[in-house]
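Scroll down for the structure; my scribbles are underneath it.
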Amino acid sequence: MQKTNEQPDNSQEAAKQAQEEKKQRRLRLLEAALYVAGRPLTLNELCSVLSTRSKNKTAKYLKLLMDEYSARNTALEILALKDERYVLQLKADFTPLVKKLVNRPLLSSGPLKTLSYIAYRQPVPQKRVIQARGQHAYGHVKLLRDMGLVAAERAGRSMTLRTTDYFADYFGLTHDTSTMKRELKRIFGEATRTES
Amino acid sequence: MQKTNEQPDNSQEAAKQAQEEKKQRRLRLLEAALYVAGRPLTLNELCSVLSTRSKNKTAKYLKLLMDEYSARNTALEILALKDERYVLQLKADFTPLVKKLVNRPLLSSGPLKTLSYIAYRQPVPQKRVIQARGQHAYGHVKLLRDMGLVAAERAGRSMTLRTTDYFADYFGLTHDTSTMKRELKRIFGEATRTES
Amino acid sequence: MSTAVRKPFYLRPPWNILFELNKLEKLKPWNVNISYLLRSFLSEMEHTGKVDFRASGVALDSSALIYLMKSKLLLTLQEPPPPPKPPPDFIPPPLFLPLRHELTSTTIQNLLDVLDEVLKGEKLNRLDKVVSQPVLPAVTDLLPQFDAFLAELEARMQTLYELLLEKVKGAGIIEFSTIIKGADRIEAVRTFILLLFLAQEAKVSLWQNEETEELYIAVGNLNVAKDERTTR
């Protein structure tokens, strides 16, 4: 008898628990997706991870996950970028402290300068990049192409360089070149202002 | 009067809080290190992140971090491996669900070819690698060394190349060189038997 | 009397460089335009109407010295100063990558897939194993102008030397004024410079009479007794 009496409570409890488990499952899936990708994912990509077509639903779970991360004491953060994209990354103030452990090149400032020059001037003839950055920039361009951050197009005998979508993703910039260049000008403008 | 009475409590409280902050800072540093490395880190590497020589101390904080992760509902886990190594990784059951988002190769095909050659012939003189792969392989070797996949040893005027523990970790091979070579030869052997 | 006190024009810049040898040694020879200096020196002298052979001689000697300095620098392959650079392009500051952990898709299978090709490449490379020697550009490619200059110099020196031998009939002394009789100033300067090169190769020896300012050229194996008037 006791059992029957408890049934409504139990089922309510069970439903609630099932709901909570479902929610947790979705949050963990989104977390897993953002972790393995290591790049900004679009809302569409994240919808497909949850096997749903509802952008609203996915955005709602993403909001919950972001809140969870910001409430927790952690070195990681989840950011919402423009164009409905989301990224999981290390908080910037930890970067200099653990940089040496990263097994990826492109941390020295030489190639990074060449990269920012290409991003700023793109599409730019390779010749001009070498003129501006010196002979060693041939090596930088090679490295940047190998890393998939820069793409080259042959135009007659010369080569034109531009940044890739992967580059834009890495820096949380928009994919549209002209908008991206405006964004970069603003960033560089700020950087040079503080430098001078 | 009240103030004087409260003073011991206050300073005690402050000391406790400072202690807690210090602990949190260390946990976050370890988390940041494991996150960006994306590979198992040795206790020594983790000690250097905390700027301490005490392995005990570092291991104690790692235990706290591991407990924190396992208590939390998360898609990630921190594991202690043998040989005093620690890794932050995605829980295995999430892998198939988000694998499709991983679309970026470790290396572009040129450097990958050079890596496969070094793995197959190791320990191999750099000179031989260049002979087999061409002049551009100098750049590949540089990249592979920068990425920590290949290590170089100077032997007189020449350079001998071999793969690193990171290489073994990445491809799920054992660290023991001779066993690994047997593994590799077996795998490579199977793959190339048809060729000869 | 004021003219006696006033410094001759050639002790003023820019010609003074030809008359202050201690300064000359500290100069970069590439910064000295010999042609301009000598032309303007001659026209200035023409303008003032005071022909001073002694000053001309010193000017020639200094010019030849500068010429020699340039030649020596070319021989040691010092490059002439590069053309001025265009104003630098704006180089934005480096973009530092935010750190993210990113799983990559390369598997051991991928490694195996490329290995096959690599081992084939290794075999091919062994077949046509060519001993590659470092390819250095030919000297003539590097220094075409220098080569032409040297050849020209050698030819002119030889011509002058033959002329001198002919004039002294094998061995003897001849005056500089005899050699340049009828020649214009530029030709005289050229001849003088060539004489300096010949003297440097010990084919001739030169000395000057301080009173007459005549320059004597000794050609061939002459046992000339040197006296205190002997100058270079």
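Letters A, B, ... mark the chains of the structure tokens in the order given; residue numbers begin at 1 per chain; ligand numbers begin at 1, in order shown.
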Exercise. Computed after least-squares fitting of chain A to chain B on all C-alpha atoms in order, what is the RMSD in Å?
Worked result: 6.1 Å
Return the neighbours of chain B among the residues of chain A, cut-off 7 Å, counting only C-alpha atoms, as a PDB file with N, CA and C atoms, in the first residue's frame.
ATOM      1  N   ARG A  28      26.873  18.656 -21.036  1.00  0.00           N
ATOM      2  CA  ARG A  28      28.139  17.927 -21.176  1.00  0.00           C
ATOM      3  C   ARG A  28      28.508  17.731 -22.639  1.00  0.00           C
ATOM      4  N   GLU A  31      29.834  20.995 -23.882  1.00  0.00           N
ATOM      5  CA  GLU A  31      31.170  21.178 -23.310  1.00  0.00           C
ATOM      6  C   GLU A  31      32.181  20.320 -24.075  1.00  0.00           C
ATOM      7  N   ALA A  32      31.818  19.064 -24.313  1.00  0.00           N
ATOM      8  CA  ALA A  32      32.703  18.148 -25.035  1.00  0.00           C
ATOM      9  C   ALA A  32      32.991  18.674 -26.436  1.00  0.00           C
ATOM     10  N   ALA A  33      31.952  19.160 -27.103  1.00  0.00           N
ATOM     11  CA  ALA A  33      32.108  19.670 -28.469  1.00  0.00           C
ATOM     12  C   ALA A  33      33.061  20.861 -28.487  1.00  0.00           C
ATOM     13  N   VAL A  36      36.794  19.662 -27.746  1.00  0.00           N
ATOM     14  CA  VAL A  36      37.563  18.986 -28.796  1.00  0.00           C
ATOM     15  C   VAL A  36      37.811  19.871 -30.008  1.00  0.00           C
ATOM     16  N   ALA A  37      36.853  20.759 -30.276  1.00  0.00           N
ATOM     17  CA  ALA A  37      37.008  21.589 -31.472  1.00  0.00           C
ATOM     18  C   ALA A  37      38.164  22.574 -31.282  1.00  0.00           C
ATOM     19  N   VAL A  49      25.166  18.763 -32.683  1.00  0.00           N
ATOM     20  CA  VAL A  49      25.693  17.953 -31.576  1.00  0.00           C
ATOM     21  C   VAL A  49      24.542  17.511 -30.663  1.00  0.00           C
ATOM     22  N   THR A  74      37.581  28.677 -12.326  1.00  0.00           N
ATOM     23  CA  THR A  74      38.285  27.864 -13.325  1.00  0.00           C
ATOM     24  C   THR A  74      39.173  28.728 -14.217  1.00  0.00           C
ATOM     25  N   ALA A  75      40.161  28.087 -14.835  1.00  0.00           N
ATOM     26  CA  ALA A  75      41.071  28.810 -15.727  1.00  0.00           C
ATOM     27  C   ALA A  75      40.477  28.948 -17.124  1.00  0.00           C
ATOM     28  N   LEU A  90      41.307  29.288 -22.852  1.00  0.00           N
ATOM     29  CA  LEU A  90      41.973  29.619 -21.598  1.00  0.00           C
ATOM     30  C   LEU A  90      41.805  31.111 -21.317  1.00  0.00           C
ATOM     31  N   PHE A  94      46.154  33.604 -17.908  1.00  0.00           N
ATOM     32  CA  PHE A  94      46.942  32.395 -17.664  1.00  0.00           C
ATOM     33  C   PHE A  94      47.919  32.113 -18.810  1.00  0.00           C
ATOM     34  N   VAL A  98      51.589  29.459 -18.933  1.00  0.00           N
ATOM     35  CA  VAL A  98      51.615  28.066 -19.385  1.00  0.00           C
ATOM     36  C   VAL A  98      51.958  27.925 -20.867  1.00  0.00           C
ATOM     37  N   LEU A 101      54.166  25.187 -22.451  1.00  0.00           N
ATOM     38  CA  LEU A 101      53.738  23.788 -22.505  1.00  0.00           C
ATOM     39  C   LEU A 101      52.990  23.451 -23.791  1.00  0.00           C
ATOM     40  N   VAL A 102      52.740  24.470 -24.595  1.00  0.00           N
ATOM     41  CA  VAL A 102      51.961  24.246 -25.806  1.00  0.00           C
ATOM     42  C   VAL A 102      52.836  23.623 -26.883  1.00  0.00           C
ATOM     43  N   ASN A 103      52.416  22.499 -27.413  1.00  0.00           N
ATOM     44  CA  ASN A 103      53.172  21.831 -28.476  1.00  0.00           C
ATOM     45  C   ASN A 103      52.705  22.289 -29.833  1.00  0.00           C
ATOM     46  N   ARG A 104      52.677  23.552 -30.005  1.00  0.00           N
ATOM     47  CA  ARG A 104      52.337  24.074 -31.314  1.00  0.00           C
ATOM     48  C   ARG A 104      53.286  25.211 -31.589  1.00  0.00           C
ATOM     49  N   PRO A 105      53.713  25.362 -32.840  1.00  0.00           N
ATOM     50  CA  PRO A 105      54.618  26.471 -33.122  1.00  0.00           C
ATOM     51  C   PRO A 105      53.853  27.798 -33.150  1.00  0.00           C
ATOM     52  N   ASP A 146      51.612  26.245 -43.663  1.00  0.00           N
ATOM     53  CA  ASP A 146      51.569  24.892 -43.091  1.00  0.00           C
ATOM     54  C   ASP A 146      50.576  24.810 -41.940  1.00  0.00           C
TER      55      ASP A 146
END
For this session: Can you check which residues of range 10-98 of chain B DSSP gives as helix (DSSP H, G or I) on the backbone and send them as number ranges by chain?
Result: B: 10-37, 43-49, 55-71, 92-98
Exercise. CA of Lys82 in chain A to CA of Thr114 in chain A: how many Å, to one decimal?
Worked result: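 Result for CA of Lys82 in chain A versus CA of Thr114 in chain A: 25.6 Å, one decimal.
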Exercise. Within 10 Å of Lys23 in chain A, counting only C-alpha atoms, which residues qualify if same-chain residues fewer than 6 places away don't, as a list in words?
Worked result: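 Answer for this query is Gln17, Leu29, Tyr61 and Leu64 of chain A.
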For this session: Would you kindly return, as a PyMOL selection string, each protein, DNA or RNA residue with an atom no farther than 10 Å from any atom of Leu173 in chain A, considering only C-alpha atoms and excluding same-chain residues fewer than 4 positions away?
Result: chain A and resi 40+81-83+165-169+177+179-181+183-184
Could you write out the selected residues, including N, CA and C atoms, as an mmCIF file, in the first residue's frame?
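Dumped everything to result.cif:
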data_model
loop_
_atom_site.group_PDB
_atom_site.id
_atom_site.type_symbol
_atom_site.label_atom_id
_atom_site.label_comp_id
_atom_site.auth_asym_id
_atom_site.auth_seq_id
_atom_site.Cartn_x
_atom_site.Cartn_y
_atom_site.Cartn_z
ATOM 1 N N PRO A 40 36.046 28.279 -32.535
ATOM 2 C CA PRO A 40 34.652 28.676 -32.356
ATOM 3 C C PRO A 40 33.737 27.767 -33.169
ATOM 4 N N LEU A 81 30.797 34.640 -29.438
ATOM 5 C CA LEU A 81 31.367 35.582 -30.407
ATOM 6 C C LEU A 81 30.258 36.109 -31.295
ATOM 7 N N LYS A 82 30.670 36.981 -32.222
ATOM 8 C CA LYS A 82 29.706 37.470 -33.212
ATOM 9 C C LYS A 82 29.272 36.334 -34.116
ATOM 10 N N ASP A 83 28.311 36.544 -34.932
ATOM 11 C CA ASP A 83 27.845 35.559 -35.916
ATOM 12 C C ASP A 83 27.397 34.256 -35.248
ATOM 13 N N ASP A 165 39.790 31.090 -43.047
ATOM 14 C CA ASP A 165 38.697 31.090 -42.079
ATOM 15 C C ASP A 165 39.189 30.591 -40.721
ATOM 16 N N TYR A 166 40.127 29.654 -40.769
ATOM 17 C CA TYR A 166 40.695 29.118 -39.533
ATOM 18 C C TYR A 166 41.357 30.230 -38.727
ATOM 19 N N PHE A 167 42.064 31.120 -39.441
ATOM 20 C CA PHE A 167 42.674 32.273 -38.780
ATOM 21 C C PHE A 167 41.604 33.104 -38.065
ATOM 22 N N ALA A 168 40.546 33.409 -38.812
ATOM 23 C CA ALA A 168 39.464 34.228 -38.248
ATOM 24 C C ALA A 168 38.886 33.550 -37.003
ATOM 25 N N ASP A 169 38.713 32.235 -37.105
ATOM 26 C CA ASP A 169 38.186 31.482 -35.969
ATOM 27 C C ASP A 169 39.101 31.581 -34.766
ATOM 28 N N THR A 177 35.957 39.312 -45.060
ATOM 29 C CA THR A 177 37.274 39.955 -45.081
ATOM 30 C C THR A 177 37.227 41.447 -44.758
ATOM 31 N N THR A 179 34.975 43.301 -43.220
ATOM 32 C CA THR A 179 34.607 43.557 -41.824
ATOM 33 C C THR A 179 35.770 43.180 -40.910
ATOM 34 N N MET A 180 36.398 42.068 -41.240
ATOM 35 C CA MET A 180 37.511 41.601 -40.414
ATOM 36 C C MET A 180 38.649 42.611 -40.416
ATOM 37 N N LYS A 181 38.918 43.181 -41.590
ATOM 38 C CA LYS A 181 39.986 44.173 -41.676
ATOM 39 C C LYS A 181 39.668 45.394 -40.815
ATOM 40 N N GLU A 183 37.817 45.324 -38.127
ATOM 41 C CA GLU A 183 38.018 44.858 -36.741
ATOM 42 C C GLU A 183 39.499 44.913 -36.369
ATOM 43 N N LEU A 184 40.330 44.425 -37.305
ATOM 44 C CA LEU A 184 41.773 44.392 -37.056
ATOM 45 C C LEU A 184 42.342 45.794 -36.906
#
Problem set entry | Interface residues on chain C facing chain B, 10 Å, only C-alpha atoms, written as a PyMOL selection string | chain C and resi 99-126+129
So that I have them on file, write out the residues from the current selection with N, CA and C atoms, as a PDB file, in the first residue's frame.
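Output file result23.pdb follows:
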ATOM      1  N   LEU C  99      45.036  30.807 -26.268  1.00  0.00           N
ATOM      2  CA  LEU C  99      45.374  29.391 -26.166  1.00  0.00           C
ATOM      3  C   LEU C  99      44.120  28.540 -26.026  1.00  0.00           C
ATOM      4  N   ARG C 100      44.050  27.571 -26.898  1.00  0.00           N
ATOM      5  CA  ARG C 100      42.936  26.634 -26.832  1.00  0.00           C
ATOM      6  C   ARG C 100      43.477  25.247 -27.019  1.00  0.00           C
ATOM      7  N   HIS C 101      42.834  24.329 -26.372  1.00  0.00           N
ATOM      8  CA  HIS C 101      43.214  22.954 -26.640  1.00  0.00           C
ATOM      9  C   HIS C 101      42.366  22.471 -27.800  1.00  0.00           C
ATOM     10  N   GLU C 102      43.033  21.927 -28.767  1.00  0.00           N
ATOM     11  CA  GLU C 102      42.312  21.516 -29.962  1.00  0.00           C
ATOM     12  C   GLU C 102      42.727  20.098 -30.310  1.00  0.00           C
ATOM     13  N   LEU C 103      41.775  19.212 -30.366  1.00  0.00           N
ATOM     14  CA  LEU C 103      42.117  17.857 -30.795  1.00  0.00           C
ATOM     15  C   LEU C 103      42.354  17.884 -32.293  1.00  0.00           C
ATOM     16  N   THR C 104      43.328  17.116 -32.735  1.00  0.00           N
ATOM     17  CA  THR C 104      43.589  17.070 -34.169  1.00  0.00           C
ATOM     18  C   THR C 104      43.204  15.696 -34.700  1.00  0.00           C
ATOM     19  N   SER C 105      42.990  15.674 -35.998  1.00  0.00           N
ATOM     20  CA  SER C 105      42.375  14.482 -36.575  1.00  0.00           C
ATOM     21  C   SER C 105      43.365  13.443 -37.093  1.00  0.00           C
ATOM     22  N   THR C 106      44.669  13.764 -37.021  1.00  0.00           N
ATOM     23  CA  THR C 106      45.649  12.840 -37.599  1.00  0.00           C
ATOM     24  C   THR C 106      45.743  11.554 -36.763  1.00  0.00           C
ATOM     25  N   THR C 107      45.656  10.433 -37.430  1.00  0.00           N
ATOM     26  CA  THR C 107      45.754   9.150 -36.733  1.00  0.00           C
ATOM     27  C   THR C 107      46.977   8.397 -37.221  1.00  0.00           C
ATOM     28  N   ILE C 108      47.258   7.312 -36.546  1.00  0.00           N
ATOM     29  CA  ILE C 108      48.416   6.511 -36.965  1.00  0.00           C
ATOM     30  C   ILE C 108      48.187   5.956 -38.369  1.00  0.00           C
ATOM     31  N   GLN C 109      46.924   5.777 -38.717  1.00  0.00           N
ATOM     32  CA  GLN C 109      46.610   5.308 -40.064  1.00  0.00           C
ATOM     33  C   GLN C 109      47.062   6.333 -41.116  1.00  0.00           C
ATOM     34  N   ASN C 110      46.840   7.626 -40.801  1.00  0.00           N
ATOM     35  CA  ASN C 110      47.289   8.680 -41.716  1.00  0.00           C
ATOM     36  C   ASN C 110      48.801   8.622 -41.898  1.00  0.00           C
ATOM     37  N   LEU C 111      49.468   8.360 -40.781  1.00  0.00           N
ATOM     38  CA  LEU C 111      50.924   8.279 -40.802  1.00  0.00           C
ATOM     39  C   LEU C 111      51.360   7.135 -41.725  1.00  0.00           C
ATOM     40  N   LEU C 112      50.658   6.032 -41.623  1.00  0.00           N
ATOM     41  CA  LEU C 112      50.981   4.861 -42.452  1.00  0.00           C
ATOM     42  C   LEU C 112      50.687   5.126 -43.920  1.00  0.00           C
ATOM     43  N   ASP C 113      49.590   5.835 -44.154  1.00  0.00           N
ATOM     44  CA  ASP C 113      49.204   6.101 -45.533  1.00  0.00           C
ATOM     45  C   ASP C 113      50.286   6.874 -46.275  1.00  0.00           C
ATOM     46  N   VAL C 114      50.912   7.831 -45.578  1.00  0.00           N
ATOM     47  CA  VAL C 114      51.928   8.627 -46.277  1.00  0.00           C
ATOM     48  C   VAL C 114      53.271   7.907 -46.310  1.00  0.00           C
ATOM     49  N   LEU C 115      53.480   6.981 -45.385  1.00  0.00           N
ATOM     50  CA  LEU C 115      54.781   6.311 -45.314  1.00  0.00           C
ATOM     51  C   LEU C 115      55.115   5.577 -46.613  1.00  0.00           C
ATOM     52  N   ASP C 116      54.106   4.974 -47.160  1.00  0.00           N
ATOM     53  CA  ASP C 116      54.270   4.224 -48.395  1.00  0.00           C
ATOM     54  C   ASP C 116      54.928   5.098 -49.468  1.00  0.00           C
ATOM     55  N   GLU C 117      54.357   6.257 -49.627  1.00  0.00           N
ATOM     56  CA  GLU C 117      54.851   7.207 -50.621  1.00  0.00           C
ATOM     57  C   GLU C 117      56.281   7.647 -50.291  1.00  0.00           C
ATOM     58  N   VAL C 118      56.508   7.873 -48.996  1.00  0.00           N
ATOM     59  CA  VAL C 118      57.822   8.359 -48.561  1.00  0.00           C
ATOM     60  C   VAL C 118      58.898   7.319 -48.872  1.00  0.00           C
ATOM     61  N   LEU C 119      58.594   6.061 -48.619  1.00  0.00           N
ATOM     62  CA  LEU C 119      59.603   5.024 -48.849  1.00  0.00           C
ATOM     63  C   LEU C 119      59.884   4.863 -50.343  1.00  0.00           C
ATOM     64  N   LYS C 120      58.858   5.072 -51.159  1.00  0.00           N
ATOM     65  CA  LYS C 120      59.078   5.048 -52.612  1.00  0.00           C
ATOM     66  C   LYS C 120      60.003   6.194 -53.005  1.00  0.00           C
ATOM     67  N   GLY C 121      59.749   7.337 -52.419  1.00  0.00           N
ATOM     68  CA  GLY C 121      60.567   8.526 -52.688  1.00  0.00           C
ATOM     69  C   GLY C 121      62.016   8.283 -52.298  1.00  0.00           C
ATOM     70  N   GLU C 122      62.202   7.582 -51.184  1.00  0.00           N
ATOM     71  CA  GLU C 122      63.556   7.289 -50.710  1.00  0.00           C
ATOM     72  C   GLU C 122      64.304   6.464 -51.756  1.00  0.00           C
ATOM     73  N   LYS C 123      63.616   5.463 -52.330  1.00  0.00           N
ATOM     74  CA  LYS C 123      64.246   4.606 -53.341  1.00  0.00           C
ATOM     75  C   LYS C 123      64.636   5.432 -54.556  1.00  0.00           C
ATOM     76  N   LEU C 124      63.710   6.264 -55.005  1.00  0.00           N
ATOM     77  CA  LEU C 124      63.969   7.088 -56.185  1.00  0.00           C
ATOM     78  C   LEU C 124      65.180   7.979 -55.957  1.00  0.00           C
ATOM     79  N   ASN C 125      65.227   8.555 -54.755  1.00  0.00           N
ATOM     80  CA  ASN C 125      66.318   9.468 -54.457  1.00  0.00           C
ATOM     81  C   ASN C 125      67.662   8.764 -54.468  1.00  0.00           C
ATOM     82  N   ARG C 126      67.637   7.472 -54.103  1.00  0.00           N
ATOM     83  CA  ARG C 126      68.895   6.731 -54.107  1.00  0.00           C
ATOM     84  C   ARG C 126      69.346   6.462 -55.529  1.00  0.00           C
ATOM     85  N   LYS C 129      70.916   9.590 -57.160  1.00  0.00           N
ATOM     86  CA  LYS C 129      71.625  10.317 -56.102  1.00  0.00           C
ATOM     87  C   LYS C 129      72.721  11.166 -56.729  1.00  0.00           C
TER      88      LYS C 129
END
